[in-house]
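One file, start-v8.pdb, carrying PDB, C-alpha atoms and all ligand atoms:
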```pdb
ATOM      1  CA  MET A   1       0.000   0.000   0.000
ATOM      2  CA  ALA A   2       2.993   2.192   0.487
ATOM      3  CA  VAL A   3       3.506   2.117  -3.285
ATOM      4  CA  LEU A   4      -0.078   3.189  -4.001
ATOM      5  CA  SER A   5       0.193   6.075  -1.650
ATOM      6  CA  ASP A   6       3.497   7.161  -3.180
ATOM      7  CA  PRO A   7       2.594  10.429  -5.033
ATOM      8  CA  ALA A   8       5.441   9.917  -7.521
ATOM      9  CA  ALA A   9       4.252   6.406  -8.428
ATOM     10  CA  GLY A  10       0.696   7.722  -8.868
ATOM     11  CA  HIS A  11       1.985  10.412 -11.176
ATOM     12  CA  ARG A  12       3.875   7.817 -13.248
ATOM     13  CA  ARG A  13       0.735   5.695 -13.538
ATOM     14  CA  LEU A  14      -1.235   8.732 -14.669
ATOM     15  CA  VAL A  15       1.394   9.545 -17.302
ATOM     16  CA  LEU A  16       1.396   5.895 -18.457
ATOM     17  CA  LEU A  17      -2.399   5.893 -18.614
ATOM     18  CA  LEU A  18      -2.495   9.118 -20.613
ATOM     19  CA  ALA A  19       0.225   7.861 -22.980
ATOM     20  CA  THR A  20      -1.679   4.607 -23.540
ATOM     21  CA  ALA A  21      -4.942   6.452 -24.162
ATOM     22  CA  GLY A  22      -3.160   8.803 -26.561
ATOM     23  CA  GLY A  23      -1.705   5.838 -28.446
ATOM     24  CA  ILE A  24      -5.111   4.191 -28.738
ATOM     25  CA  VAL A  25      -6.627   7.436 -30.061
ATOM     26  CA  LEU A  26      -3.869   7.711 -32.681
ATOM     27  CA  VAL A  27      -4.369   4.105 -33.807
ATOM     28  CA  LEU A  28      -8.159   4.620 -34.025
ATOM     29  CA  ALA A  29      -7.664   7.825 -36.013
ATOM     30  CA  ALA A  30      -5.371   5.994 -38.426
ATOM     31  CA  ILE A  31      -7.943   3.190 -38.856
ATOM     32  CA  VAL A  32     -10.769   5.678 -39.453
ATOM     33  CA  THR A  33      -8.640   7.624 -41.957
ATOM     34  CA  LEU A  34      -7.776   4.430 -43.830
ATOM     35  CA  ALA A  35     -11.402   3.269 -43.845
ATOM     36  CA  VAL A  36     -12.654   6.620 -45.132
ATOM     37  CA  THR A  37      -9.966   6.686 -47.826
ATOM     38  CA  LEU A  38     -10.785   3.169 -48.995
ATOM     39  CA  THR A  39     -14.528   3.830 -48.934
ATOM     40  CA  PHE A  40     -14.249   6.994 -50.991
ATOM     41  CA  SER A  41     -11.757   5.601 -53.481
ATOM     42  CA  SER A  42     -13.970   2.572 -54.149
ATOM     43  CA  PHE A  43     -16.977   4.886 -54.333
ATOM     44  CA  ALA A  44     -15.130   6.990 -56.916
ATOM     45  CA  ALA A  45     -14.299   3.849 -58.900
ATOM     46  CA  VAL A  46     -17.982   2.919 -58.969
ATOM     47  CA  VAL A  47     -19.299   6.292 -60.082
ATOM     48  CA  ARG A  48     -16.503   6.973 -62.572
ATOM     49  CA  PRO A  49     -17.908   5.901 -65.964
ATOM     50  CA  ALA A  50     -14.632   4.348 -67.103
ATOM     51  CA  GLY A  51     -14.782   2.012 -64.107
ATOM     52  CA  ILE A  52     -17.998   0.103 -64.651
ATOM     53  CA  PHE A  53     -19.735   1.878 -67.520
ATOM     54  CA  LEU A  54     -20.603  -0.629 -70.220
ATOM     55  CA  PRO A  55     -21.543   1.234 -73.401
ATOM     56  CA  THR A  56     -24.397  -0.142 -75.481
ATOM     57  CA  GLU A  57     -26.010   0.592 -78.822
ATOM     58  CA  GLU A  58     -27.925   3.370 -77.016
ATOM     59  CA  ASP A  59     -24.590   5.155 -76.577
ATOM     60  CA  GLY A  60     -23.969   4.829 -80.306
ATOM     61  CA  LEU A  61     -21.624   1.905 -79.788
ATOM     62  CA  ILE A  62     -20.807  -0.097 -82.913
ATOM     63  CA  ALA A  63     -18.957  -3.322 -82.084
ATOM     64  CA  ASP A  64     -15.279  -3.508 -83.069
ATOM     65  CA  ASP A  65     -15.934  -6.163 -85.698
ATOM     66  CA  ALA A  66     -19.078  -4.511 -87.080
ATOM     67  CA  SER A  67     -19.985  -1.519 -89.219
ATOM     68  CA  LEU A  68     -23.127   0.181 -90.469
ATOM     69  CA  SER A  69     -24.235   1.174 -93.927
ATOM     70  CA  VAL A  70     -25.780   4.586 -94.595
ATOM     71  CA  ASP A  71     -29.196   2.880 -94.495
ATOM     72  CA  ASP A  72     -28.920   1.540 -90.943
ATOM     73  CA  GLU A  73     -30.803   4.547 -89.651
ATOM     74  CA  SER A  74     -32.430   2.720 -86.749
ATOM     75  CA  HIS A  75     -29.053   2.487 -85.030
ATOM     76  CA  PRO A  76     -28.563   5.456 -82.648
ATOM     77  CA  ALA A  77     -25.086   6.048 -84.134
ATOM     78  CA  LEU A  78     -26.845   7.076 -87.353
ATOM     79  CA  ALA A  79     -30.269   8.105 -86.032
ATOM     80  CA  ARG A  80     -28.672  10.823 -83.868
ATOM     81  CA  LEU A  81     -26.332  12.151 -86.532
ATOM     82  CA  ASP A  82     -26.828  15.652 -87.838
ATOM     83  CA  PRO A  83     -29.493  14.969 -90.539
ATOM     84  CA  ALA A  84     -27.530  17.087 -93.038
ATOM     85  CA  LEU A  85     -24.449  14.886 -92.522
ATOM     86  CA  LEU A  86     -26.450  11.687 -92.980
ATOM     87  CA  GLU A  87     -28.066  13.094 -96.090
ATOM     88  CA  ALA A  88     -24.652  14.050 -97.523
ATOM     89  CA  LEU A  89     -23.294  10.591 -96.783
ATOM     90  CA  ARG A  90     -26.239   8.914 -98.476
ATOM     91  CA  ALA A  91     -25.902  11.037-101.579
ATOM     92  CA  ALA A  92     -22.159  10.393-101.704
ATOM     93  CA  GLN A  93     -22.749   6.667-101.202
ATOM     94  CA  VAL A  94     -24.937   6.569-104.308
ATOM     95  CA  ALA A  95     -22.076   8.020-106.343
ATOM     96  CA  ALA A  96     -19.457   5.828-104.646
ATOM     97  CA  GLU A  97     -21.487   2.717-105.353
ATOM     98  CA  ALA A  98     -20.963   3.334-109.063
ATOM     99  CA  ASP A  99     -17.238   2.995-108.317
ATOM    100  CA  GLY A 100     -17.855  -0.221-106.368
ATOM    101  CA  ILE A 101     -17.291   1.504-103.007
ATOM    102  CA  ARG A 102     -19.365   0.816 -99.911
ATOM    103  CA  PHE A 103     -19.142   3.174 -96.929
ATOM    104  CA  ASP A 104     -18.698   1.063 -93.801
ATOM    105  CA  ILE A 105     -19.428   3.349 -90.880
ATOM    106  CA  THR A 106     -17.538   2.291 -87.774
ATOM    107  CA  SER A 107     -18.578   5.245 -85.628
ATOM    108  CA  GLY A 108     -21.113   8.039 -85.841
ATOM    109  CA  TRP A 109     -22.976   9.793 -83.039
ATOM    110  CA  ARG A 110     -21.654   8.828 -79.599
ATOM    111  CA  SER A 111     -22.980   9.620 -76.131
ATOM    112  CA  ALA A 112     -20.762  11.744 -73.884
ATOM    113  CA  ASP A 113     -20.381   8.659 -71.669
ATOM    114  CA  LEU A 114     -19.075   6.589 -74.573
ATOM    115  CA  GLN A 115     -16.703   9.384 -75.581
ATOM    116  CA  ARG A 116     -15.424   9.613 -71.995
ATOM    117  CA  ARG A 117     -14.896   5.860 -72.008
ATOM    118  CA  LEU A 118     -12.989   5.973 -75.312
ATOM    119  CA  LEU A 119     -10.743   8.721 -73.958
ATOM    120  CA  ALA A 120     -10.103   6.745 -70.761
ATOM    121  CA  ASP A 121      -9.246   3.667 -72.847
ATOM    122  CA  ALA A 122      -6.906   5.756 -75.003
ATOM    123  CA  VAL A 123      -5.162   7.153 -71.922
ATOM    124  CA  ARG A 124      -4.524   3.575 -70.813
ATOM    125  CA  THR A 125      -3.343   2.603 -74.311
ATOM    126  CA  TYR A 126      -1.038   5.570 -74.877
ATOM    127  CA  GLY A 127       0.082   5.989 -71.281
ATOM    128  CA  SER A 128      -0.771   9.672 -70.973
ATOM    129  CA  GLU A 129      -3.721  11.979 -71.459
ATOM    130  CA  GLU A 130      -1.533  14.282 -73.555
ATOM    131  CA  VAL A 131      -0.875  11.610 -76.202
ATOM    132  CA  ALA A 132      -4.404  10.152 -75.964
ATOM    133  CA  ARG A 133      -5.889  13.574 -76.719
ATOM    134  CA  GLN A 134      -4.133  13.547 -80.101
ATOM    135  CA  TYR A 135      -6.469  10.721 -81.108
ATOM    136  CA  VAL A 136      -9.559  11.030 -78.947
ATOM    137  CA  ALA A 137     -11.349  14.275 -78.158
ATOM    138  CA  THR A 138     -13.054  14.975 -74.840
ATOM    139  CA  PRO A 139     -16.856  14.665 -74.481
ATOM    140  CA  GLU A 140     -16.947  18.463 -74.544
ATOM    141  CA  THR A 141     -15.025  18.839 -77.815
ATOM    142  CA  SER A 142     -15.858  15.692 -79.813
ATOM    143  CA  SER A 143     -17.749  16.239 -83.041
ATOM    144  CA  HIS A 144     -19.041  12.667 -82.660
ATOM    145  CA  VAL A 145     -20.914  13.664 -79.493
ATOM    146  CA  THR A 146     -22.663  16.469 -81.377
ATOM    147  CA  GLY A 147     -23.497  14.092 -84.238
ATOM    148  CA  GLN A 148     -21.323  15.912 -86.736
ATOM    149  CA  ALA A 149     -18.736  13.234 -87.565
ATOM    150  CA  VAL A 150     -18.480   9.717 -88.913
ATOM    151  CA  ASP A 151     -15.597   7.280 -89.078
ATOM    152  CA  ILE A 152     -15.261   5.082 -92.163
ATOM    153  CA  GLY A 153     -13.609   1.678 -91.834
ATOM    154  CA  THR A 154     -12.032   0.585 -95.070
ATOM    155  CA  LEU A 155      -9.175   2.281 -96.869
ATOM    156  CA  ASP A 156     -10.804   2.351-100.309
ATOM    157  CA  ALA A 157     -13.898   4.100 -98.920
ATOM    158  CA  GLN A 158     -11.743   6.546 -96.936
ATOM    159  CA  LEU A 159      -9.685   7.413-100.021
ATOM    160  CA  TRP A 160     -12.821   7.772-102.120
ATOM    161  CA  ILE A 161     -14.328  10.303 -99.707
ATOM    162  CA  ILE A 162     -11.021  12.169 -99.379
ATOM    163  CA  GLU A 163     -10.969  12.511-103.171
ATOM    164  CA  HIS A 164     -14.656  13.109-103.920
ATOM    165  CA  GLY A 165     -16.391  13.945-100.638
ATOM    166  CA  ARG A 166     -16.221  17.715-101.034
ATOM    167  CA  GLU A 167     -18.900  17.465-103.731
ATOM    168  CA  TRP A 168     -21.267  16.786-100.802
ATOM    169  CA  GLY A 169     -19.363  18.953 -98.323
ATOM    170  CA  LEU A 170     -17.637  15.945 -96.754
ATOM    171  CA  CYS A 171     -14.075  16.550 -95.589
ATOM    172  CA  GLN A 172     -11.333  14.824 -93.650
ATOM    173  CA  THR A 173     -10.925  17.230 -90.728
ATOM    174  CA  TYR A 174      -7.936  15.763 -88.845
ATOM    175  CA  ALA A 175      -4.643  15.126 -90.628
ATOM    176  CA  ASN A 176      -3.892  12.102 -88.439
ATOM    177  CA  GLU A 177      -7.363  10.532 -88.880
ATOM    178  CA  ARG A 178      -7.825   9.396 -92.461
ATOM    179  CA  TRP A 179     -11.108   7.773 -91.422
ATOM    180  CA  HIS A 180     -12.843  10.749 -89.796
ATOM    181  CA  PHE A 181     -15.191  12.922 -91.862
ATOM    182  CA  GLU A 182     -17.385  15.908 -91.190
ATOM    183  CA  ARG A 183     -19.424  18.337 -93.250
ATOM    184  CA  ALA A 184     -16.865  21.120 -93.384
ATOM    185  CA  THR A 185     -17.668  22.965 -96.600
ATOM    186  CA  GLU A 186     -20.591  23.709 -98.846
ATOM    187  CA  PRO A 187     -21.323  21.050-101.474
ATOM    188  CA  GLY A 188     -18.743  21.519-104.216
ATOM    189  CA  GLY A 189     -16.626  23.821-102.035
ATOM    190  CA  GLU A 190     -13.024  23.380-101.004
ATOM    191  CA  CYS A 191     -12.303  21.433 -97.824
ATOM    192  CA  PRO A 192     -10.392  23.417 -95.207
ATOM    193  CA  THR A 193      -6.865  22.229 -94.388
ATOM    194  CA  PRO A 194      -7.271  19.415 -91.841
ATOM    195  CA  LYS A 195      -6.307  20.200 -88.273
ATOM    196  CA  LEU A 196      -3.205  18.441 -87.034
ATOM    197  CA  ASP A 197      -5.115  16.136 -84.659
ATOM    198  CA  ALA A 198      -8.111  15.796 -82.337
ATOM    199  CA  ARG A 199      -6.720  18.394 -79.925
ATOM    200  CA  GLY A 200      -8.250  20.850 -82.381
TER
HETATM  201 ZN    ZN A 301     -13.922  10.177 -85.741
END
```

Step by step, read the file and then write its structure as structure tokens.
Amino acid sequence: MAVLSDPAAGHRRLVLLLATAGGIVLVLAAIVTLAVTLTFSSFAAVVRPAGIFLPTEEDGLIADDASLSVDDESHPALARLDPALLEALRAAQVAAEADGIRFDITSGWRSADLQRRLLADAVRTYGSEEVARQYVATPETSSHVTGQAVDIGTLDAQLWIIEHGREWGLCQTYANERWHFERATEPGGECPTPKLDARG
């Protein structure tokens, strides 16, 4: 009992108790911080479209191994195109057909979600957003999202439109995308010089 009544020993016990309590508080704070961090990072992964978003036809998705003709107007990729662009493509297709050329459309209108997904995929492919942006525009800047662009799959059709498309106002608008066409001049006009790439 002499020890318990020793004021110095009591003080040491109090210090030990406070130190232990302080340690427990620090450990709990660390656990809470970790839990909150994990919760929010997994939450972000769920809500971020690139994480779980699975694009469908409703987003204008055309499967990698598929393409549309100018007559597949029930597909949202064509149905939501600028009507003037679709009309120009159809008229050009009639003329191209005489040369044995079929326009195989691999992309047309795209939802902003699909565009965001394509950009995220490109960032993974190219390793940086800076390089990815040379090939894939943002949802805010993409002419696919506004329905004013189509991509054509085969080389002969691409070359045909590059040579003759201006008769219907159809122009290659990016120098590094031989497949990407927009209405960029009046029918019969001169196409503007293509921009260097999708960064605009
Ligand atoms: Zn394109």

In Å, how far is it from CA of Phe103 (chain A) to CA of Trp179 (chain A)?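 Computing the Euclidean distance for CA of Phe103 (chain A) and CA of Trp179 (chain A) yields 10.8 Å.
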
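Pairwise distance (CA of Ala198 (chain A), CA of Tyr135 (chain A)) equals 5.5 Å.
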
Could you please determine the separation between CA of Ala95 (chain A) and CA of Asn176 (chain A) in Å, to one decimal place?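 So the two atoms, CA of Ala95 (chain A) and CA of Asn176 (chain A), lie 25.8 Å apart.
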
Which protein, DNA or RNA residues have an atom within 8 Å of ligand ZN 301 (chain A), counting all atoms listed in the file, as a list in words? Ser107, Gly108, Ser143, His144, Ala149, Val150, Asp151, Glu177, Trp179, His180 and Phe181 of chain A

Any chance you could export the current selection's C-alpha atoms as a PDB file, in the frame of the given file?
```
ATOM      1  CA  SER A 107     -18.578   5.245 -85.628  1.00  0.00           C
ATOM      2  CA  GLY A 108     -21.113   8.039 -85.841  1.00  0.00           C
ATOM      3  CA  SER A 143     -17.749  16.239 -83.041  1.00  0.00           C
ATOM      4  CA  HIS A 144     -19.041  12.667 -82.660  1.00  0.00           C
ATOM      5  CA  ALA A 149     -18.736  13.234 -87.565  1.00  0.00           C
ATOM      6  CA  VAL A 150     -18.480   9.717 -88.913  1.00  0.00           C
ATOM      7  CA  ASP A 151     -15.597   7.280 -89.078  1.00  0.00           C
ATOM      8  CA  GLU A 177      -7.363  10.532 -88.880  1.00  0.00           C
ATOM      9  CA  TRP A 179     -11.108   7.773 -91.422  1.00  0.00           C
ATOM     10  CA  HIS A 180     -12.843  10.749 -89.796  1.00  0.00           C
ATOM     11  CA  PHE A 181     -15.191  12.922 -91.862  1.00  0.00           C
TER      12      PHE A 181
END
```

Shell around region 166-169 of chain A at 10 Å using all atoms listed in the file, local window under 6 positions removed, as a count of residues only: 19

Using the file's own x, y and z axes, so that the box edges lie along x, y and z, what centre and edge lengths in Å (one decimal) does a box around every listed atom of region 85-94 of chain A get when 6 Å is added on each side? Give it as lines of an AutoDock Vina configuration file.
```
center_x = -25.1
center_y = 10.7
center_z = -98.4
size_x = 17.9
size_y = 20.3
size_z = 23.8
```
